[in-house]
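Reviewing the structure listed below.
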Amino acid sequence: MVVERLVVGPLSVNCYLLGCESTKEAVVIDPGDNPEEIMKMIENKRLSLRHILATHGHFDHVGAVRRLQVLTSAPFSIHKEDLGLLESLQEQAEFFGCTGVERPSVDRFIDEGDTVQLGKGILSVLHTPGHSRGGVCYLMDGMVFVGDTLFAGSIGRTDFPGCSQQVLLESIRDKLLPLGNEMKVYPGHGPSTTLGIEARTNPFLVGISMGRT
């Protein structure tokens, strides 16, 4: 499996490229900006983009989706609870001093238990609200791509409309921590980590991770 990270946009979002080495099919997770660089990464790996996935609808994670749709015709998937965020992309961007964000069209609404085919592999969808109502994580082969649900040493912001720290911590407790200590975590910002490291050291998780083995 090909797993590549490209840091994009003014808020330094981790955009991930996953590719099946057998079929050369690929998905992109959270293409927030720099579509030309994303395309170059896909072409350099000689992959064909089959799906565009978002962990949530904040502008810094979906800002390049529309351009990638035009360039590749790949379908775009997001949770339906974040449709309102897509409708306010320009306002979000302007709040951070950014402009020129195009709203993408949604081809598929995904939810808990759904899957996305990637060549000979399958990505499973976990609904993990808290940072946004429609936040999701993508699980595959010992890896989980968590967007802004969880970071190395921290968790996603919960001071935006539609956010809730209590709900976010419940998502981490109920959906992520049961995946096991060895699960590799690929967050939307910053370095990768593991669930075991976060359960032991993340100050936000001390209370909810007590008693884990």
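Residue numbering restarts at 1 for every chain of the structure tokens, chains are lettered A, B, ... in their displayed order, and ligands are numbered from 1 as they appear.
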
> Contacts of segment 167-172 of chain A at 9 Å or less, counting only C-alpha atoms, minus same-chain residues fewer than 2 places along, as a VMD selection string?
Replying inline: chain A and resid 127 to 132 149 to 150 155 to 156 158 163 to 165 174 to 178 204 to 205 208

>> Please extract the residues of segment 13-211 of chain A with a backbone DSSP assignment of alpha helix (DSSP H) and present them as a count of residues only.
In response: 52

> Could you pull the residues within 10 Å of Glu36 of chain A, counting only C-alpha atoms, minus those fewer than 5 positions along the same chain, as an MDAnalysis selection string?
Replying inline: chainID A and resid 41:42 64 67:68 71

Generate a file of the selected residues that holds C-alpha atoms, formatted as a PDB file, in the first residue's frame.
ATOM      1  CA  MET A  41       2.133  13.425  -6.309  1.00  0.00           C
ATOM      2  CA  ILE A  42      -0.502  11.156  -7.887  1.00  0.00           C
ATOM      3  CA  ALA A  64      -8.868  21.671  -3.421  1.00  0.00           C
ATOM      4  CA  ARG A  67     -10.324  21.413  -8.710  1.00  0.00           C
ATOM      5  CA  LEU A  68      -9.512  17.715  -8.315  1.00  0.00           C
ATOM      6  CA  LEU A  71      -9.120  17.340 -13.272  1.00  0.00           C
TER       7      LEU A  71
END

> Counting only C-alpha atoms, what is within 12 Å of Ile38 of chain A, bar same-chain residues fewer than 5 positions away, as a PyMOL selection string?
Replying inline: chain A and resi 4-9+14-18+26-33+43-45+47+49+52+64-65+67-68+71-72

Go ahead and save the residues from that selection, with C-alpha atoms, as a short mmCIF file (atom, residue, chain, number, x, y, z; two decimals), in the first residue's frame.
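Here's the written file part_10.cif:
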data_model
loop_
_atom_site.label_atom_id
_atom_site.label_comp_id
_atom_site.auth_asym_id
_atom_site.auth_seq_id
_atom_site.Cartn_x
_atom_site.Cartn_y
_atom_site.Cartn_z
CA GLU A 4 2.06 9.54 1.12
CA ARG A 5 1.54 12.78 3.03
CA LEU A 6 1.56 16.27 1.54
CA VAL A 7 1.22 19.31 3.80
CA VAL A 8 -1.03 21.82 2.04
CA GLY A 9 -2.45 25.30 2.48
CA ASN A 14 -2.01 16.85 6.09
CA CYS A 15 -3.38 15.63 2.75
CA TYR A 16 -2.96 11.87 2.37
CA LEU A 17 -2.60 9.82 -0.80
CA LEU A 18 -3.36 6.11 -0.48
CA ALA A 26 -5.82 5.77 -5.33
CA VAL A 27 -7.81 7.86 -2.90
CA VAL A 28 -6.99 11.30 -1.56
CA ILE A 29 -8.03 12.25 1.97
CA ASP A 30 -8.47 15.93 2.91
CA PRO A 31 -7.16 17.78 -0.16
CA GLY A 32 -7.31 21.20 1.44
CA ASP A 33 -5.22 23.20 -1.03
CA GLU A 43 1.24 11.21 -11.27
CA ASN A 44 4.68 10.58 -9.80
CA LYS A 45 3.35 7.42 -8.18
CA LEU A 47 -1.71 6.16 -9.74
CA LEU A 49 -7.50 8.80 -8.52
CA ILE A 52 -11.78 12.07 -2.97
CA ALA A 64 -8.87 21.67 -3.42
CA VAL A 65 -11.70 19.17 -3.87
CA ARG A 67 -10.32 21.41 -8.71
CA LEU A 68 -9.51 17.71 -8.31
CA LEU A 71 -9.12 17.34 -13.27
CA THR A 72 -9.94 13.70 -12.54
#

>> Please list as number ranges by chain every residue within 12 Å of Thr115 of chain A, counting only C-alpha atoms and excluding residues in the same chain fewer than 2 positions away.
In response: A: 51, 53, 77, 108-113, 117-118, 121-127, 136-140

>> Measuring between only C-alpha atoms, which one of A:Val70, A:Val106, A:Val116, A:Leu89 shows the shortest distance to Arg50 of chain A?
In response: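 Closest residue, counting only C-alpha atoms: A:Val116.
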
> segment 84-88 of chain A: which residues within 12 Å, counting only C-alpha atoms, same-chain residues fewer than 5 positions away excluded, as a PyMOL selection string?
Replying inline: chain A and resi 54+56-63+65-66+77-79+93-95+101-106+131-135+160-163

> In Å, how far is it from atom CA of Gly188 of chain A to atom CA of Phe151 of chain A?
Replying inline: 7.6 Å
